[in-house]
$ cat final.cif   # mmCIF, C-alpha atoms
data_target
loop_
_atom_site.label_atom_id
_atom_site.label_comp_id
_atom_site.auth_asym_id
_atom_site.auth_seq_id
_atom_site.Cartn_x
_atom_site.Cartn_y
_atom_site.Cartn_z
CA MET A 16 99.37 79.10 116.25
CA SER A 17 97.49 81.04 118.87
CA SER A 18 97.61 84.67 117.98
CA LEU A 19 99.17 87.32 120.15
CA ASN A 20 96.76 89.79 121.60
CA MET A 21 98.02 92.78 119.67
CA PRO A 22 96.90 96.22 120.76
CA ASN A 23 95.83 98.80 118.25
CA ILE A 24 98.76 100.78 116.92
CA ASN A 25 98.81 104.10 115.12
CA GLN A 26 102.35 105.31 114.44
CA VAL A 27 103.86 107.53 111.83
CA ALA A 28 107.39 108.82 111.18
CA LEU A 29 108.17 111.54 108.65
CA SER A 30 111.14 113.63 107.70
CA GLY A 31 110.78 116.80 105.71
CA ARG A 32 110.97 120.57 105.66
CA LEU A 33 108.44 123.09 106.82
CA VAL A 34 106.97 124.84 103.79
CA GLN A 35 106.03 127.95 105.75
CA ASP A 36 106.39 129.42 109.22
CA PRO A 37 104.19 127.36 111.54
CA ASP A 38 101.07 128.85 113.07
CA PHE A 39 101.06 129.27 116.86
CA ARG A 40 97.81 129.99 118.66
CA PHE A 41 95.73 129.28 121.72
CA VAL A 42 92.57 127.32 120.88
CA GLU A 43 89.18 127.83 122.56
CA ASN A 44 89.98 125.74 125.65
CA GLY A 45 93.22 127.66 126.21
CA ALA A 46 95.56 124.98 124.91
CA ALA A 47 98.64 126.12 122.98
CA ARG A 48 98.72 124.69 119.47
CA LEU A 49 101.48 124.83 116.90
CA SER A 50 100.59 123.63 113.41
CA GLY A 51 102.62 123.50 110.24
CA ARG A 52 102.95 121.76 106.94
CA ILE A 53 105.96 119.77 105.84
CA ALA A 54 107.11 118.71 102.40
CA VAL A 55 108.31 115.11 102.23
CA ASN A 56 110.33 114.15 99.18
CA ARG A 57 110.53 110.71 97.73
CA SER A 58 113.03 109.72 95.06
CA TYR A 59 112.44 106.68 92.94
CA ARG A 60 113.48 105.22 89.62
CA ASP A 61 110.79 105.12 86.98
CA ARG A 62 110.32 102.43 84.33
CA ASN A 63 113.12 103.98 82.28
CA GLU A 64 115.45 103.84 85.26
CA GLU A 65 115.41 107.64 85.51
CA TRP A 66 115.45 109.21 88.97
CA GLN A 67 112.20 110.98 89.71
CA GLU A 68 111.32 113.11 92.69
CA GLU A 69 107.86 113.39 94.13
CA THR A 70 106.82 115.72 96.95
CA SER A 71 103.94 115.16 99.34
CA PHE A 72 102.68 117.65 101.91
CA PHE A 73 101.49 116.71 105.38
CA ASP A 74 100.14 118.72 108.29
CA ILE A 75 101.72 118.38 111.72
CA VAL A 76 100.38 119.55 115.09
CA LEU A 77 102.05 120.05 118.47
CA TRP A 78 100.31 120.97 121.69
CA GLN A 79 100.98 122.72 124.97
CA LYS A 80 104.59 122.91 126.19
CA ALA A 81 105.97 121.40 123.02
CA ALA A 82 104.00 123.88 120.94
CA GLU A 83 105.41 126.77 122.95
CA ALA A 84 108.94 125.37 122.97
CA PHE A 85 109.07 124.81 119.23
CA SER A 86 107.18 127.94 118.18
CA GLN A 87 110.43 129.92 118.20
CA ARG A 88 112.55 127.20 116.64
CA LEU A 89 110.55 126.10 113.62
CA HIS A 90 110.51 128.26 110.53
CA LYS A 91 109.92 127.96 106.83
CA GLY A 92 112.57 125.55 105.53
CA THR A 93 113.48 123.97 108.90
CA PRO A 94 114.23 120.27 108.36
CA ILE A 95 112.60 118.01 110.94
CA PHE A 96 112.04 114.40 111.87
CA ALA A 97 108.72 113.82 113.60
CA THR A 98 107.01 110.76 115.01
CA GLY A 99 103.47 110.57 116.28
CA ARG A 100 100.02 109.38 115.39
CA LEU A 101 97.64 110.02 112.52
CA GLN A 102 94.44 111.80 113.33
CA SER A 103 91.69 112.79 110.98
CA HIS A 104 89.76 115.94 111.36
CA SER A 105 86.46 116.54 109.54
CA TRP A 106 84.48 119.72 109.14
CA ARG A 107 81.97 121.38 106.85
CA ASP A 108 82.84 124.51 104.95
CA SER A 109 80.65 127.59 104.50
CA GLU A 110 78.82 125.82 101.66
CA ASP A 111 78.15 122.80 103.88
CA GLN A 112 80.59 120.64 101.91
CA PRO A 113 82.28 117.96 103.98
CA HIS A 114 86.06 118.11 104.25
CA SER A 115 88.45 115.81 105.99
CA ARG A 116 92.13 116.19 106.62
CA ILE A 117 94.74 113.94 108.16
CA GLU A 118 97.13 115.50 110.65
CA VAL A 119 100.15 114.05 112.40
CA GLN A 120 99.82 114.59 116.15
CA VAL A 121 103.51 114.85 116.95
CA ARG A 122 104.90 112.98 119.94
CA ASN A 123 108.58 113.43 119.27
CA LEU A 124 110.30 116.03 117.15
CA GLN A 125 113.92 116.60 116.16
CA ILE A 126 115.34 119.48 114.19
CA LEU A 127 117.76 118.21 111.57
CA GLU A 128 119.86 121.31 110.95
CA LYS A 129 123.27 120.68 109.50
CA GLY A 130 126.02 121.26 112.03
CA GLN A 131 123.75 120.53 114.96
CA GLU A 132 124.40 117.48 117.06
CA PRO A 133 121.47 115.11 116.78
CA THR A 134 119.56 114.90 120.05
CA ASP A 135 117.14 112.35 121.37
CA GLY A 136 114.31 114.61 120.34
CA GLU A 137 111.79 116.11 122.63
CA GLU A 138 108.85 114.24 124.00
CA VAL A 139 105.45 115.79 123.71
CA ASP A 140 102.72 115.25 126.26
CA THR A 141 100.44 112.89 124.37
CA GLU A 142 97.71 112.80 127.00
CA ALA A 143 97.43 116.56 126.89
CA ALA A 144 97.36 116.44 123.13
CA LEU A 145 94.55 113.91 123.15
CA GLN A 146 92.50 115.91 125.59
CA ALA A 147 93.06 119.16 123.80
CA ALA A 148 92.16 117.71 120.42
CA MET B 14 114.72 103.20 97.32
CA SER B 15 114.44 106.71 98.41
CA LYS B 16 117.20 109.12 99.25
CA GLY B 17 117.49 110.31 102.81
CA SER B 18 113.87 110.85 103.68
CA VAL B 19 111.51 108.99 105.96
CA ASN B 20 107.84 108.34 105.38
CA LYS B 21 106.64 105.36 107.39
CA VAL B 22 103.28 104.45 108.88
CA ILE B 23 102.56 101.45 111.10
CA LEU B 24 98.98 100.58 111.97
CA ILE B 25 97.21 97.77 113.77
CA GLY B 26 93.46 97.94 113.62
CA ASN B 27 90.24 96.49 112.29
CA LEU B 28 88.71 96.85 108.86
CA GLY B 29 85.60 99.02 108.91
CA SER B 30 84.41 97.69 105.57
CA ASP B 31 85.03 94.83 103.18
CA PRO B 32 87.91 95.67 100.82
CA GLU B 33 86.84 97.17 97.53
CA VAL B 34 89.00 95.52 94.89
CA ARG B 35 89.22 96.60 91.28
CA PHE B 36 91.56 96.97 88.33
CA THR B 37 92.92 100.18 86.90
CA PRO B 38 92.47 100.78 83.15
CA SER B 39 96.03 99.51 82.70
CA GLY B 40 95.13 96.26 84.44
CA VAL B 41 96.74 96.76 87.85
CA GLN B 42 94.84 95.42 90.81
CA VAL B 43 94.10 97.83 93.65
CA ALA B 44 92.21 97.44 96.94
CA ASN B 45 90.78 100.14 99.23
CA PHE B 46 89.25 99.95 102.69
CA SER B 47 88.99 101.91 105.90
CA LEU B 48 90.84 100.79 109.02
CA ALA B 49 89.93 101.76 112.58
CA THR B 50 92.60 102.11 115.25
CA SER B 51 91.00 102.62 118.62
CA GLU B 52 92.82 104.23 121.49
CA SER B 53 91.91 104.88 125.07
CA TRP B 54 93.17 107.23 127.73
CA THR B 55 92.16 108.60 131.12
CA ASP B 56 90.84 112.13 131.07
CA LYS B 57 91.34 114.83 133.71
CA ALA B 58 88.30 113.61 135.61
CA GLY B 59 89.78 110.09 135.78
CA GLU B 60 87.26 108.75 133.29
CA ARG B 61 88.35 106.21 130.74
CA GLN B 62 87.87 107.61 127.25
CA GLU B 63 88.00 105.75 123.98
CA ARG B 64 88.15 106.97 120.44
CA ALA B 65 88.49 105.32 117.07
CA GLU B 66 90.67 106.87 114.42
CA TRP B 67 89.89 106.04 110.79
CA HIS B 68 92.45 105.56 108.06
CA ARG B 69 92.07 105.16 104.31
CA ILE B 70 94.20 102.22 103.16
CA VAL B 71 95.35 101.46 99.62
CA LEU B 72 97.01 98.23 98.52
CA TRP B 73 98.38 97.46 95.08
CA ARG B 74 98.98 94.34 93.04
CA ARG B 75 99.65 91.16 95.05
CA LEU B 76 98.64 92.80 98.33
CA ALA B 77 95.37 93.92 96.74
CA GLU B 78 94.72 90.35 95.66
CA VAL B 79 95.44 89.02 99.16
CA ALA B 80 93.17 91.66 100.68
CA GLY B 81 90.33 90.73 98.33
CA GLN B 82 90.73 87.04 99.14
CA TYR B 83 91.26 87.07 102.89
CA LEU B 84 90.16 90.34 104.45
CA LYS B 85 86.68 91.44 105.34
CA LYS B 86 84.96 93.89 107.62
CA GLY B 87 86.23 93.27 111.15
CA SER B 88 89.52 91.58 110.21
CA LYS B 89 92.38 92.64 112.44
CA ILE B 90 95.54 93.46 110.52
CA TYR B 91 99.02 94.94 110.79
CA ILE B 92 100.12 97.14 107.95
CA GLU B 93 103.26 99.05 107.20
CA GLY B 94 103.39 101.65 104.48
CA LYS B 95 103.70 105.29 103.63
CA LEU B 96 101.51 108.32 103.84
CA GLN B 97 100.42 109.74 100.51
CA THR B 98 98.29 112.70 99.51
CA ARG B 99 96.52 112.85 96.17
CA SER B 100 94.20 115.41 94.70
CA TRP B 101 90.93 114.93 92.85
CA GLU B 102 88.05 117.09 91.69
CA ASP B 103 84.66 116.96 93.31
CA GLN B 104 81.39 117.33 91.40
CA ASN B 105 81.67 121.13 91.61
CA GLY B 106 85.12 121.09 90.00
CA GLN B 107 86.76 121.96 93.33
CA LYS B 108 90.19 120.51 93.95
CA ARG B 109 90.10 118.25 97.01
CA TYR B 110 92.85 116.33 98.77
CA THR B 111 92.82 112.89 100.30
CA THR B 112 95.58 111.51 102.49
CA GLU B 113 95.89 107.74 102.43
CA VAL B 114 98.20 105.03 103.70
CA VAL B 115 99.69 103.03 100.85
CA ALA B 116 100.59 99.70 102.41
CA ASN B 117 103.65 97.76 101.39
CA SER B 118 103.41 95.08 104.06
CA LEU B 119 100.40 93.30 105.48
CA GLU B 120 99.95 90.77 108.29
CA MET B 121 96.66 89.17 109.17
CA LEU B 122 96.36 89.02 112.96
CA GLU B 123 92.95 87.43 113.40
CA GLY B 124 90.23 86.20 111.17
CA GLY B 125 86.97 88.07 110.99
CA GLN B 126 85.30 86.33 113.91
CA ALA B 127 81.94 87.57 115.08
CA ALA B 128 83.49 89.10 118.21
CA VAL B 129 85.88 91.18 116.17
CA THR B 130 83.15 92.39 113.86
CA ALA B 131 81.11 93.38 116.88
CA GLU B 132 84.01 95.44 118.22
CA VAL B 133 84.26 97.31 114.99
CA ASP B 134 80.53 97.99 115.00
CA MET B 135 80.99 99.43 118.47
CA ALA B 136 83.88 101.52 117.26
CA TYR B 137 81.61 102.96 114.60
CA SER B 138 78.96 103.99 117.11
CA ASN B 139 81.48 105.28 119.68
CA SER B 140 83.44 107.31 117.22
CA PRO B 141 82.63 110.95 117.92
CA ALA B 142 82.44 111.74 114.27
CA GLY B 143 80.38 108.61 113.61
CA VAL B 144 81.11 106.90 110.35
CA PRO B 145 84.21 108.48 108.83
CA VAL B 146 83.64 111.18 106.28
CA PHE B 147 85.11 110.08 102.99
CA ALA B 148 82.05 111.46 101.27
CA GLY B 149 82.58 112.90 97.88
CA VAL B 150 85.40 110.53 97.00
CA PRO B 151 84.25 108.94 93.77
CA SER B 152 84.67 105.18 93.89
CA ASP B 153 86.59 105.09 90.61
CA ASP B 154 88.48 108.31 91.12
CA GLY B 155 91.92 109.37 90.07
CA LEU B 156 94.33 106.54 90.43
CA PRO B 157 97.93 107.60 90.05
CA PHE B 158 98.06 106.18 86.54
#
$ encode --input "final.cif" --output "structure tokens"
Amino acid sequence: MSSLNMPNINQVALSGRLVQDPDFRFVENGAARLSGRIAVNRSYRDRNEEWQEETSFFDIVLWQKAAEAFSQRLHKGTPIFATGRLQSHSWRDSEDQPHSRIEVQVRNLQILEKGQEPTDGEEVDTEAALQAA
Amino acid sequence: MSKGSVNKVILIGNLGSDPEVRFTPSGVQVANFSLATSESWTDKAGERQERAEWHRIVLWRRLAEVAGQYLKKGSKIYIEGKLQTRSWEDQNGQKRYTTEVVANSLEMLEGGQAAVTAEVDMAYSNSPAGVPVFAGVPSDDGLPF
């Protein structure tokens, strides 16, 4: 079979709760940036058929209008559903040790508060996010 | 199964290295490699820009075996999995974190033809950060069991 010419794809979807109030700031080039960390729980049955819960933490980033719009609406404990792309970020600390961290560059975000009607989410300007990054 | 939470990653890209396949002390097969997803966009000046993003991929058991048998540097693949963070200690006893994609589905899209390998080599040299920094990750470091 001749293969399809597949593009590169980098997509991620996560649901979880913010573990602290997100950080809103303007970076050097003037772009608005909202960053936070979410806890994502996973439940699974272990070998003894007992339910276990495991929590992972991931960093999320929003830029520009989306960052400003959500800066007032996201707080510690806010449940969200976010889709976007994975981006790694490397730096050296004060002792010249290399560090690398994976962030989710959010393209679409929904707040999952109980009692709120689900919406279609809010689109984030990806081009702006790419340029600002 | 998992109750009411979503953690899903979908990637299509090229392997930046041959898979490293080994067995855990308990005899479970595991494979690791880096995967490049390149993306391009037009900047404010109308210039076409391209950047490669690097991902750490982990496969277990049967998928690890398949990876070891059929994948090599340059192979183009589709994977579906979840994002996972694990901690380990560096040589100075500092706690460090690594975020990886644990794949639970794998499709081979193309073999590792010369053209594909060449593209990946280009991705390496075009990547602003150069070769991805996974330095300090011991090759036989903390597996989850």
$ resolve_selection --input "final.cif" --expression "the PyMOL selection byres ((chain B and resi 110-124) around 9)" --output "ChimeraX atom specification"
/A:18-21,73,114-117 /B:22,25,68-73,76,80,83-85,87-102,108-109,125-126,129,147,150
$ write_last_selection --input "final.cif" --atoms "C-alpha atoms" --output "PDB file, in the frame of the given file"
ATOM      1  CA  SER A  18      97.610  84.670 117.980  1.00  0.00           C
ATOM      2  CA  LEU A  19      99.170  87.320 120.150  1.00  0.00           C
ATOM      3  CA  ASN A  20      96.760  89.790 121.600  1.00  0.00           C
ATOM      4  CA  MET A  21      98.020  92.780 119.670  1.00  0.00           C
ATOM      5  CA  PHE A  73     101.490 116.710 105.380  1.00  0.00           C
ATOM      6  CA  HIS A 114      86.060 118.110 104.250  1.00  0.00           C
ATOM      7  CA  SER A 115      88.450 115.810 105.990  1.00  0.00           C
ATOM      8  CA  ARG A 116      92.130 116.190 106.620  1.00  0.00           C
ATOM      9  CA  ILE A 117      94.740 113.940 108.160  1.00  0.00           C
TER      10      ILE A 117
ATOM     11  CA  VAL B  22     103.280 104.450 108.880  1.00  0.00           C
ATOM     12  CA  ILE B  25      97.210  97.770 113.770  1.00  0.00           C
ATOM     13  CA  HIS B  68      92.450 105.560 108.060  1.00  0.00           C
ATOM     14  CA  ARG B  69      92.070 105.160 104.310  1.00  0.00           C
ATOM     15  CA  ILE B  70      94.200 102.220 103.160  1.00  0.00           C
ATOM     16  CA  VAL B  71      95.350 101.460  99.620  1.00  0.00           C
ATOM     17  CA  LEU B  72      97.010  98.230  98.520  1.00  0.00           C
ATOM     18  CA  TRP B  73      98.380  97.460  95.080  1.00  0.00           C
ATOM     19  CA  LEU B  76      98.640  92.800  98.330  1.00  0.00           C
ATOM     20  CA  ALA B  80      93.170  91.660 100.680  1.00  0.00           C
ATOM     21  CA  TYR B  83      91.260  87.070 102.890  1.00  0.00           C
ATOM     22  CA  LEU B  84      90.160  90.340 104.450  1.00  0.00           C
ATOM     23  CA  LYS B  85      86.680  91.440 105.340  1.00  0.00           C
ATOM     24  CA  GLY B  87      86.230  93.270 111.150  1.00  0.00           C
ATOM     25  CA  SER B  88      89.520  91.580 110.210  1.00  0.00           C
ATOM     26  CA  LYS B  89      92.380  92.640 112.440  1.00  0.00           C
ATOM     27  CA  ILE B  90      95.540  93.460 110.520  1.00  0.00           C
ATOM     28  CA  TYR B  91      99.020  94.940 110.790  1.00  0.00           C
ATOM     29  CA  ILE B  92     100.120  97.140 107.950  1.00  0.00           C
ATOM     30  CA  GLU B  93     103.260  99.050 107.200  1.00  0.00           C
ATOM     31  CA  GLY B  94     103.390 101.650 104.480  1.00  0.00           C
ATOM     32  CA  LYS B  95     103.700 105.290 103.630  1.00  0.00           C
ATOM     33  CA  LEU B  96     101.510 108.320 103.840  1.00  0.00           C
ATOM     34  CA  GLN B  97     100.420 109.740 100.510  1.00  0.00           C
ATOM     35  CA  THR B  98      98.290 112.700  99.510  1.00  0.00           C
ATOM     36  CA  ARG B  99      96.520 112.850  96.170  1.00  0.00           C
ATOM     37  CA  SER B 100      94.200 115.410  94.700  1.00  0.00           C
ATOM     38  CA  TRP B 101      90.930 114.930  92.850  1.00  0.00           C
ATOM     39  CA  GLU B 102      88.050 117.090  91.690  1.00  0.00           C
ATOM     40  CA  LYS B 108      90.190 120.510  93.950  1.00  0.00           C
ATOM     41  CA  ARG B 109      90.100 118.250  97.010  1.00  0.00           C
ATOM     42  CA  GLY B 125      86.970  88.070 110.990  1.00  0.00           C
ATOM     43  CA  GLN B 126      85.300  86.330 113.910  1.00  0.00           C
ATOM     44  CA  VAL B 129      85.880  91.180 116.170  1.00  0.00           C
ATOM     45  CA  PHE B 147      85.110 110.080 102.990  1.00  0.00           C
ATOM     46  CA  VAL B 150      85.400 110.530  97.000  1.00  0.00           C
TER      47      VAL B 150
END
$ atom_distance --input "final.cif" --atom1 "atom CA of B:Ser18" --atom2 "atom CA of A:Glu68"
11.5 Å
$ resolve_selection --input "final.cif" --expression "the PyMOL selection byres ((chain B and resi 42) around 8)" --output "number ranges by chain"
B: 34-37, 40-41, 43-44, 73-75, 77-78
$ atom_distance --input "final.cif" --atom1 "atom CA of B:Ile23" --atom2 "atom CA of A:Gln102"
13.3 Å
$ atom_distance --input "final.cif" --atom1 "atom CA of A:Gly99" --atom2 "atom CA of A:Gln125"
12.1 Å
$ resolve_selection --input "final.cif" --expression "the PyMOL selection byres ((chain A) within 10 of (chain B))" --output "count of residues only"
51
$ residues_around --input "final.cif" --residues "A:Arg40" --least-positions-apart "3" --cutoff "8 Å" --atoms "all atoms listed in the file" --output "PyMOL selection string"
chain A and resi 47-49
$ closest_residue --input "final.cif" --among "A:Asp38, A:Glu69, A:Asp74, A:Glu64" --to "A:Val121" --atoms "all atoms listed in the file"
A:Asp74
$ residues_around --input "final.cif" --residues "B:Asp31" --least-positions-apart "2" --cutoff "8 Å" --atoms "all atoms listed in the file" --output "list in words"
Leu28, Gly29, Glu33, Phe46, Leu84, Lys85 and Lys86 of chain B
$ build_atoms --input "final.cif" --residues "stretch 46-57 of chain A" --atoms "all heavy atoms" --output "mmCIF file, in the coordinates of the input"
data_model
loop_
_atom_site.group_PDB
_atom_site.id
_atom_site.type_symbol
_atom_site.label_atom_id
_atom_site.label_comp_id
_atom_site.auth_asym_id
_atom_site.auth_seq_id
_atom_site.Cartn_x
_atom_site.Cartn_y
_atom_site.Cartn_z
ATOM 1 N N ALA A 46 94.369 125.779 125.202
ATOM 2 C CA ALA A 46 95.560 124.980 124.910
ATOM 3 C C ALA A 46 96.387 125.642 123.818
ATOM 4 O O ALA A 46 95.852 126.170 122.849
ATOM 5 C CB ALA A 46 95.135 123.577 124.461
ATOM 6 N N ALA A 47 97.723 125.589 124.000
ATOM 7 C CA ALA A 47 98.640 126.120 122.980
ATOM 8 C C ALA A 47 98.755 125.091 121.862
ATOM 9 O O ALA A 47 98.885 123.891 122.112
ATOM 10 C CB ALA A 47 99.998 126.382 123.587
ATOM 11 N N ARG A 48 98.693 125.584 120.623
ATOM 12 C CA ARG A 48 98.720 124.690 119.470
ATOM 13 C C ARG A 48 99.658 125.262 118.420
ATOM 14 O O ARG A 48 99.553 126.435 118.066
ATOM 15 C CB ARG A 48 97.304 124.599 118.885
ATOM 16 C CG ARG A 48 97.150 123.712 117.674
ATOM 17 C CD ARG A 48 95.705 123.816 117.164
ATOM 18 N NE ARG A 48 95.350 122.685 116.317
ATOM 19 C CZ ARG A 48 95.473 122.697 114.992
ATOM 20 N NH1 ARG A 48 95.935 123.761 114.380
ATOM 21 N NH2 ARG A 48 95.121 121.633 114.279
ATOM 22 N N LEU A 49 100.565 124.425 117.957
ATOM 23 C CA LEU A 49 101.480 124.830 116.900
ATOM 24 C C LEU A 49 101.228 123.912 115.708
ATOM 25 O O LEU A 49 101.312 122.691 115.842
ATOM 26 C CB LEU A 49 102.932 124.706 117.357
ATOM 27 C CG LEU A 49 104.007 125.198 116.378
ATOM 28 C CD1 LEU A 49 103.960 126.713 116.245
ATOM 29 C CD2 LEU A 49 105.391 124.771 116.853
ATOM 30 N N SER A 50 100.880 124.476 114.569
ATOM 31 C CA SER A 50 100.590 123.630 113.410
ATOM 32 C C SER A 50 101.414 124.103 112.224
ATOM 33 O O SER A 50 101.689 125.300 112.073
ATOM 34 C CB SER A 50 99.108 123.660 113.082
ATOM 35 O OG SER A 50 98.702 124.974 112.794
ATOM 36 N N GLY A 51 101.826 123.172 111.419
ATOM 37 C CA GLY A 51 102.620 123.500 110.240
ATOM 38 C C GLY A 51 102.447 122.441 109.179
ATOM 39 O O GLY A 51 101.802 121.415 109.404
ATOM 40 N N ARG A 52 103.028 122.716 108.036
ATOM 41 C CA ARG A 52 102.950 121.760 106.940
ATOM 42 C C ARG A 52 104.367 121.437 106.499
ATOM 43 O O ARG A 52 105.194 122.337 106.355
ATOM 44 C CB ARG A 52 102.147 122.363 105.793
ATOM 45 C CG ARG A 52 102.104 121.476 104.563
ATOM 46 C CD ARG A 52 101.036 121.914 103.616
ATOM 47 N NE ARG A 52 99.714 121.702 104.201
ATOM 48 C CZ ARG A 52 98.576 121.961 103.563
ATOM 49 N NH1 ARG A 52 98.588 122.471 102.360
ATOM 50 N NH2 ARG A 52 97.422 121.727 104.146
ATOM 51 N N ILE A 53 104.628 120.155 106.303
ATOM 52 C CA ILE A 53 105.960 119.770 105.840
ATOM 53 C C ILE A 53 105.896 119.133 104.458
ATOM 54 O O ILE A 53 104.892 118.509 104.094
ATOM 55 C CB ILE A 53 106.685 118.810 106.822
ATOM 56 C CG1 ILE A 53 105.888 117.530 107.052
ATOM 57 C CG2 ILE A 53 106.960 119.491 108.145
ATOM 58 C CD1 ILE A 53 106.683 116.462 107.783
ATOM 59 N N ALA A 54 106.959 119.345 103.716
ATOM 60 C CA ALA A 54 107.110 118.710 102.400
ATOM 61 C C ALA A 54 108.010 117.500 102.583
ATOM 62 O O ALA A 54 109.098 117.607 103.155
ATOM 63 C CB ALA A 54 107.749 119.691 101.427
ATOM 64 N N VAL A 55 107.539 116.357 102.138
ATOM 65 C CA VAL A 55 108.310 115.110 102.230
ATOM 66 C C VAL A 55 108.637 114.654 100.821
ATOM 67 O O VAL A 55 107.726 114.427 100.017
ATOM 68 C CB VAL A 55 107.509 114.030 102.990
ATOM 69 C CG1 VAL A 55 108.284 112.721 103.041
ATOM 70 C CG2 VAL A 55 107.164 114.501 104.393
ATOM 71 N N ASN A 56 109.917 114.556 100.523
ATOM 72 C CA ASN A 56 110.330 114.150 99.180
ATOM 73 C C ASN A 56 110.554 112.657 99.115
ATOM 74 O O ASN A 56 110.992 112.039 100.073
ATOM 75 C CB ASN A 56 111.637 114.842 98.781
ATOM 76 C CG ASN A 56 111.414 116.319 98.582
ATOM 77 O OD1 ASN A 56 110.373 116.742 98.076
ATOM 78 N ND2 ASN A 56 112.372 117.114 98.999
ATOM 79 N N ARG A 57 110.248 112.120 97.969
ATOM 80 C CA ARG A 57 110.530 110.710 97.730
ATOM 81 C C ARG A 57 111.220 110.619 96.369
ATOM 82 O O ARG A 57 110.744 111.186 95.383
ATOM 83 C CB ARG A 57 109.221 109.925 97.677
ATOM 84 C CG ARG A 57 109.404 108.432 97.465
ATOM 85 C CD ARG A 57 108.079 107.720 97.578
ATOM 86 N NE ARG A 57 107.349 107.708 96.323
ATOM 87 C CZ ARG A 57 107.347 106.677 95.465
ATOM 88 N NH1 ARG A 57 108.027 105.590 95.746
ATOM 89 N NH2 ARG A 57 106.673 106.739 94.344
#
